[in-house]
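Report on the structure given below.
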Amino acid sequence: MRILLFCGKGGVGKTSLAAATGVRLAELGKRTLVMSVDPAHSLADSFDIGAGLFHGQTADPYRISENLDIQEVNIQREIKKHWTEISTYITSILRTTGISGVEAEELAILPGMEELSAMMYVNQYRREGRYDVMILDCAPTAESLRFVSMPTTLDWYMKHVFPFQRTVMKAVRPLANRISPVELPPDTYFGNMLDLFKKLEGIDVLLEDPRITSVRLVTNAERMVLRETQRAYVYFSLHGLTVDGILVNRVLPEQISDPFFQEWRVSQQQILQEMDAYFAPLQPRRVPLFTHEVSGLERLRELSKVLYAEGEDPSLVTRTERPYRFEKIDGRYEVHLTMPFAAKGEIGLFKKADELVVEVGTLRRHIGLPTSMAALSPARARLTDRTLIIEMKETP
């Protein structure tokens with residue numbers, strides 16, 4: 001089974017490219033699900049299924065064509081299905097503050113509920129063997145990073161905090177409920193949390209296995225979007241996920257010769273060259289700007305033919321090695337960078353703002369640093385087994 005995450009800045013065209021990829025995979029005979037993890041769902045609109053504005057048709061897998069289903073996580077339905085005890089308790093607390101019932105129910109939808117619900121479906125479908133490929137149309141970058149970091153955070157909480165918290169609550173609840181202005185959460189609240197955790201067990205292993213999960217970053221040839229894509233590339237790597245594709249959407253086609261677009265063309269060409277250098281050895285795919293809106297199955301099929309070569313399988317594993325990783329060993333911060341075919345004398349290093357710049361001959365590579373290392377500078381480097389290990393320290 002394969003899991004493909006389509007991520008990027010809001011408005012770059014993630015949904016269309018995820019949907020077109022699903023169309024191609026279904027045509028290749030693979031049982032495919034395209035699932036929207038973005039609270040602002042637009043997947044059904046992309047396929048133009050003709051549903052109402054606030055429909056619920058896609059809350060469960062909805063058949064588009066042979067081998068192709070779509071699903072949009074419906075948080076209200078998920079609360080009734082998975083979060084009943086938690087939501088009920090939070091709603092009761094909010095009502096004691098004077099908030100009306102409807103408002104309390106809305107406020108009881110906590111950040112992360114939608115993402116965790118999506119993860120539960122991914123785990124469920126994997127266990128059932130229902131699909132060959134699951135494509136996740138993710139929310140904008142910040143929410144996507146929360147999505148991939150949740151399993152690790154939840155695992156730590158359940159192992160280190162949850163047992164203690166539940167035990168203490170059992171001991172103090174009878175007395176505390178007599179004097180507290182609000183009731184403490186009942187044990188069923190903790191039981192609900194434990195059930196949810198069991199449904200999520202193993203999802204972190206799936207996400208961090210490059211033979212199963214790959215990230216496809218969708219971007220545009222614009223400076224601001226490129227910067228966010230670079231940061232996303234760093235942070236997905238930091239979370240242990242492998243980025244195996246960069247999709248540059250809405251590139252001006254060569255046939256556009258109107259002088260109005262001349263400056264845009266020059267700007268895009270410059271950004272595209274920077275992308276090629278930054279993301280090497282990945283080769284960004286360029287998707288041209290269409291003359292019409294990409295909506296409906298036929299136009300998504302047209303997009304898939306531009307995005308992929310004839311017969312190409314987008315689910316193939318093309319990258320299992322992360323280009324670089326960040327580590328903290330015995331208090332030392334290190335950057336590990338795969339550097340084949342290079343000798344010691346050919347490598348140069350320097351720091352530029354929050355980026356580490358690596359030079360090999362006439363080639364230069366910019367590596368965005370995570371926040372914990374952004375203020376550090378390269379102190380020394382060594383080349384071991386085709387890997388450049390750069391030790392980062394504070395500048396004296």
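Ligands are numbered from 1 in the order shown, residues from 1 within each chain, and chains are lettered A, B, ... in the order they appear in the structure tokens.
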What's the 10 Å shell around Leu226 (chain A), counting only C-alpha atoms, without same-chain residues fewer than 3 positions away, as a list in words?
->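 The neighbour list is Gly8, Lys9, Val218, Thr219, Asn220, Ala221, Glu222, Arg223, Thr229, Gln230, Arg231, Ala232, Val248, Ile271, Leu272, Glu274 and Met275 of chain A.
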Atoms kept (N, CA and C atoms) for selection, written as a CSV table (one decimal), in the first residue's frame:
chain,number,residue,atom,x,y,z
A,8,GLY,N,1.4,21.9,0.7
A,8,GLY,CA,1.9,23.2,0.2
A,8,GLY,C,1.1,24.3,0.7
A,9,LYS,N,1.5,25.5,0.2
A,9,LYS,CA,0.8,26.7,0.6
A,9,LYS,C,-0.6,26.7,0.1
A,218,VAL,N,3.5,20.8,-3.5
A,218,VAL,CA,3.0,21.6,-4.6
A,218,VAL,C,3.3,23.0,-4.4
A,219,THR,N,3.8,23.7,-5.4
A,219,THR,CA,4.2,25.1,-5.3
A,219,THR,C,3.9,25.8,-6.5
A,220,ASN,N,4.1,27.1,-6.5
A,220,ASN,CA,4.1,28.0,-7.7
A,220,ASN,C,5.4,28.6,-7.9
A,221,ALA,N,5.7,29.1,-9.1
A,221,ALA,CA,6.9,29.8,-9.4
A,221,ALA,C,6.9,31.2,-8.9
A,222,GLU,N,6.8,31.4,-7.6
A,222,GLU,CA,6.7,32.7,-7.0
A,222,GLU,C,7.7,32.7,-5.8
A,223,ARG,N,8.3,33.8,-5.5
A,223,ARG,CA,9.3,33.9,-4.4
A,223,ARG,C,8.7,33.5,-3.1
A,229,THR,N,7.8,26.6,0.5
A,229,THR,CA,8.0,25.3,0.1
A,229,THR,C,9.4,24.8,0.6
A,230,GLN,N,10.4,25.7,0.6
A,230,GLN,CA,11.7,25.3,1.2
A,230,GLN,C,11.6,25.0,2.7
A,231,ARG,N,10.8,25.8,3.4
A,231,ARG,CA,10.7,25.5,4.8
A,231,ARG,C,9.9,24.2,5.0
A,232,ALA,N,8.9,24.0,4.2
A,232,ALA,CA,8.1,22.7,4.3
A,232,ALA,C,9.0,21.5,4.1
A,248,VAL,N,5.5,22.0,-9.6
A,248,VAL,CA,5.4,23.5,-9.8
A,248,VAL,C,4.2,23.7,-10.7
A,271,ILE,N,12.9,31.9,-10.8
A,271,ILE,CA,12.5,31.0,-9.6
A,271,ILE,C,12.6,29.5,-10.0
A,272,LEU,N,12.3,29.2,-11.2
A,272,LEU,CA,12.4,27.8,-11.6
A,272,LEU,C,13.8,27.3,-11.6
A,274,GLU,N,16.2,28.5,-9.6
A,274,GLU,CA,16.5,28.3,-8.1
A,274,GLU,C,15.9,27.0,-7.6
A,275,MET,N,14.7,26.7,-8.0
A,275,MET,CA,14.1,25.4,-7.5
A,275,MET,C,14.9,24.2,-8.0
Could you pull out the strand (DSSP E) residues of region 73-221 of chain A from DSSP and send them as a ChimeraX atom specification?
-> /A:133-140,213-220
File of the preceding selection, N, CA and C atoms, as a PDB file, in the first residue's frame:
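So the final result, stored in result21.pdb, reads:
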ATOM      1  N   VAL A 133      -3.755   2.574  -2.960  1.00  0.00           N
ATOM      2  CA  VAL A 133      -3.127   3.885  -2.785  1.00  0.00           C
ATOM      3  C   VAL A 133      -4.119   4.815  -2.107  1.00  0.00           C
ATOM      4  N   MET A 134      -3.630   5.556  -1.095  1.00  0.00           N
ATOM      5  CA  MET A 134      -4.419   6.609  -0.468  1.00  0.00           C
ATOM      6  C   MET A 134      -3.701   7.931  -0.679  1.00  0.00           C
ATOM      7  N   ILE A 135      -4.397   8.884  -1.278  1.00  0.00           N
ATOM      8  CA  ILE A 135      -3.843  10.217  -1.536  1.00  0.00           C
ATOM      9  C   ILE A 135      -4.497  11.180  -0.566  1.00  0.00           C
ATOM     10  N   LEU A 136      -3.695  11.877   0.223  1.00  0.00           N
ATOM     11  CA  LEU A 136      -4.219  12.829   1.188  1.00  0.00           C
ATOM     12  C   LEU A 136      -4.025  14.243   0.669  1.00  0.00           C
ATOM     13  N   ASP A 137      -5.131  14.916   0.424  1.00  0.00           N
ATOM     14  CA  ASP A 137      -5.114  16.323   0.021  1.00  0.00           C
ATOM     15  C   ASP A 137      -5.064  17.135   1.307  1.00  0.00           C
ATOM     16  N   CYS A 138      -3.862  17.595   1.655  1.00  0.00           N
ATOM     17  CA  CYS A 138      -3.633  18.181   2.974  1.00  0.00           C
ATOM     18  C   CYS A 138      -4.011  19.652   3.043  1.00  0.00           C
ATOM     19  N   ALA A 139      -4.138  20.132   4.277  1.00  0.00           N
ATOM     20  CA  ALA A 139      -4.385  21.547   4.528  1.00  0.00           C
ATOM     21  C   ALA A 139      -3.107  22.328   4.230  1.00  0.00           C
ATOM     22  N   PRO A 140      -3.169  23.681   4.238  1.00  0.00           N
ATOM     23  CA  PRO A 140      -1.941  24.463   4.038  1.00  0.00           C
ATOM     24  C   PRO A 140      -0.830  24.047   4.991  1.00  0.00           C
ATOM     25  N   THR A 213       4.978   5.843   2.597  1.00  0.00           N
ATOM     26  CA  THR A 213       4.516   7.230   2.562  1.00  0.00           C
ATOM     27  C   THR A 213       5.518   8.153   1.889  1.00  0.00           C
ATOM     28  N   SER A 214       5.021   8.990   0.999  1.00  0.00           N
ATOM     29  CA  SER A 214       5.843  10.019   0.344  1.00  0.00           C
ATOM     30  C   SER A 214       5.095  11.333   0.368  1.00  0.00           C
ATOM     31  N   VAL A 215       5.860  12.416   0.456  1.00  0.00           N
ATOM     32  CA  VAL A 215       5.288  13.761   0.415  1.00  0.00           C
ATOM     33  C   VAL A 215       5.536  14.363  -0.958  1.00  0.00           C
ATOM     34  N   ARG A 216       4.497  14.920  -1.558  1.00  0.00           N
ATOM     35  CA  ARG A 216       4.621  15.659  -2.818  1.00  0.00           C
ATOM     36  C   ARG A 216       4.312  17.122  -2.510  1.00  0.00           C
ATOM     37  N   LEU A 217       5.301  17.976  -2.640  1.00  0.00           N
ATOM     38  CA  LEU A 217       5.117  19.398  -2.348  1.00  0.00           C
ATOM     39  C   LEU A 217       4.637  20.123  -3.600  1.00  0.00           C
ATOM     40  N   VAL A 218       3.510  20.795  -3.482  1.00  0.00           N
ATOM     41  CA  VAL A 218       2.951  21.563  -4.596  1.00  0.00           C
ATOM     42  C   VAL A 218       3.288  23.029  -4.366  1.00  0.00           C
ATOM     43  N   THR A 219       3.778  23.699  -5.406  1.00  0.00           N
ATOM     44  CA  THR A 219       4.211  25.079  -5.266  1.00  0.00           C
ATOM     45  C   THR A 219       3.908  25.843  -6.550  1.00  0.00           C
ATOM     46  N   ASN A 220       4.148  27.132  -6.528  1.00  0.00           N
ATOM     47  CA  ASN A 220       4.068  27.984  -7.711  1.00  0.00           C
ATOM     48  C   ASN A 220       5.421  28.649  -7.911  1.00  0.00           C
TER      49      ASN A 220
END
Interatomic distance between CA of Gln255 (chain A) and CA of Gln283 (chain A)?
->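 About the pair CA of Gln255 (chain A) and CA of Gln283 (chain A): they are 23.0 Å apart.
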Shell of 10 Å around Ser42 (chain A), only C-alpha atoms, local chain residues under 5 positions omitted, as a list in words = Thr15, Ser16, Ser36, Phe47, Asp48, Glu72 and Asp137 of chain A
With C-alpha atoms kept, could you save the residues just selected as a PDB file, in the first residue's frame?
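As a result, again-v1.pdb now contains:
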ATOM      1  CA  THR A  15      -6.466  19.606  -4.619  1.00  0.00           C
ATOM      2  CA  SER A  16      -6.422  19.590  -8.427  1.00  0.00           C
ATOM      3  CA  SER A  36      -9.339  15.670   1.911  1.00  0.00           C
ATOM      4  CA  PHE A  47     -14.650  16.538  -9.301  1.00  0.00           C
ATOM      5  CA  ASP A  48     -17.790  18.659  -9.799  1.00  0.00           C
ATOM      6  CA  GLU A  72     -13.980  14.510   2.844  1.00  0.00           C
ATOM      7  CA  ASP A 137      -5.114  16.323   0.021  1.00  0.00           C
TER       8      ASP A 137
END
Output as a tab-separated table one row per residue of region 13-51 of chain A within 12 Å of region 114-118 of chain A: the closest atom pair and its distance in Å to one decimal place, counting only C-alpha atoms, sorted by chain and residue number ascending.
residue	atom	partner	partner_atom	distance
A:Val34	CA	A:Ala118	CA	11.5
A:Met35	CA	A:Ala118	CA	8.1
A:Ser36	CA	A:Ala118	CA	8.4
A:Val37	CA	A:Glu115	CA	6.3
A:Asp38	CA	A:Glu115	CA	8.3
A:Pro39	CA	A:Glu114	CA	7.2
A:Ala40	CA	A:Glu114	CA	11.0
A:His41	CA	A:Glu114	CA	11.5
Test item: residues at most 8 Å from Arg365 (chain A), only C-alpha atoms, excluding those fewer than 4 positions along its chain, as a PyMOL selection string | chain A and resi 277-278+357-359
Mind dumping the selected residues with C-alpha atoms as a compact mmCIF listing (two decimals), in the first residue's frame?
# COMPACT_ATOMS: atom_id res chain seq x y z
CA ALA A 277 19.28 23.98 -7.69
CA TYR A 278 17.69 23.90 -4.26
CA VAL A 357 25.16 26.79 2.01
CA VAL A 358 27.15 23.83 0.71
CA GLU A 359 29.39 24.23 -2.34
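Closest to Met224 (chain A) among A:Val12, A:Ile70, A:Val243, A:Lys170 is A:Val12, based on only C-alpha atoms.
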Alpha helix (DSSP H) per DSSP on the backbone: members of region 120-197 of chain A, as an MDAnalysis selection string | chainID A and resid 120:128 141:160 162:179 187:197
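You will find CA of Asp330 (chain A) at 15.5 Å from CA of Ser372 (chain A).
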Just the residues within 10 Å of region 59-65 of chain A, please, counting only C-alpha atoms, with nothing from its chain fewer than 6 positions along; format it as a list in words.
-> Val23, Ala26, Glu27, Leu33, Val34, Met35, Ala44, Phe47, Ile49, Gln71, Glu72, Val73, Asn74, Ile75, Gln76, Arg77, Glu78, Tyr121 and Leu297 of chain A
Just C-alpha atoms for this one: save the residues we selected as a tab-separated table (two decimals), in the first residue's frame.
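Done, and the output landed in out_15.tsv:
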chain	number	residue	atom	x	y	z
A	23	VAL	CA	-7.57	9.70	-11.73
A	26	ALA	CA	-7.46	4.49	-11.03
A	27	GLU	CA	-6.93	4.21	-14.78
A	33	LEU	CA	-8.88	6.86	-2.41
A	34	VAL	CA	-8.36	10.62	-2.51
A	35	MET	CA	-9.10	12.00	0.96
A	44	ALA	CA	-15.91	17.26	-4.28
A	47	PHE	CA	-14.65	16.54	-9.30
A	49	ILE	CA	-20.11	16.00	-8.40
A	71	GLN	CA	-13.73	11.23	0.95
A	72	GLU	CA	-13.98	14.51	2.84
A	73	VAL	CA	-13.75	14.16	6.63
A	74	ASN	CA	-16.94	15.60	8.18
A	75	ILE	CA	-16.02	16.78	11.66
A	76	GLN	CA	-19.60	16.93	12.98
A	77	ARG	CA	-20.11	13.33	12.01
A	78	GLU	CA	-16.72	12.34	13.41
A	121	TYR	CA	-9.45	6.30	8.57
A	297	LEU	CA	-13.45	14.25	-14.23
Within 12 Å of Arg127 (chain A), counting only C-alpha atoms, which residues show up once you throw out same-chain ones fewer than 3 positions away? Write them as a PyMOL selection string, please.
-> chain A and resi 1+120-124+130-132+199-203+206
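All residues of protein, DNA or RNA that reach within 12 Å of His292 (chain A), judged by only C-alpha atoms and not counting those fewer than 4 positions away in the chain, are Arg250, Pro288, Gly296, Arg299, Leu300, Glu302 and Leu303 of chain A.
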Would you please work out which residue, of A:Gly245, A:Val172, A:Gly29, A:Thr152, is nearest to Val205 (chain A) when using only C-alpha atoms?
->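 Going through A:Gly245, A:Val172, A:Gly29, A:Thr152 one by one, the smallest distance to Val205 (chain A) is for A:Thr152.
Closest approach to Gly368 (chain A) among A:Val234, A:Leu247, A:Leu289, A:Ile179: A:Val234, based on only C-alpha atoms.
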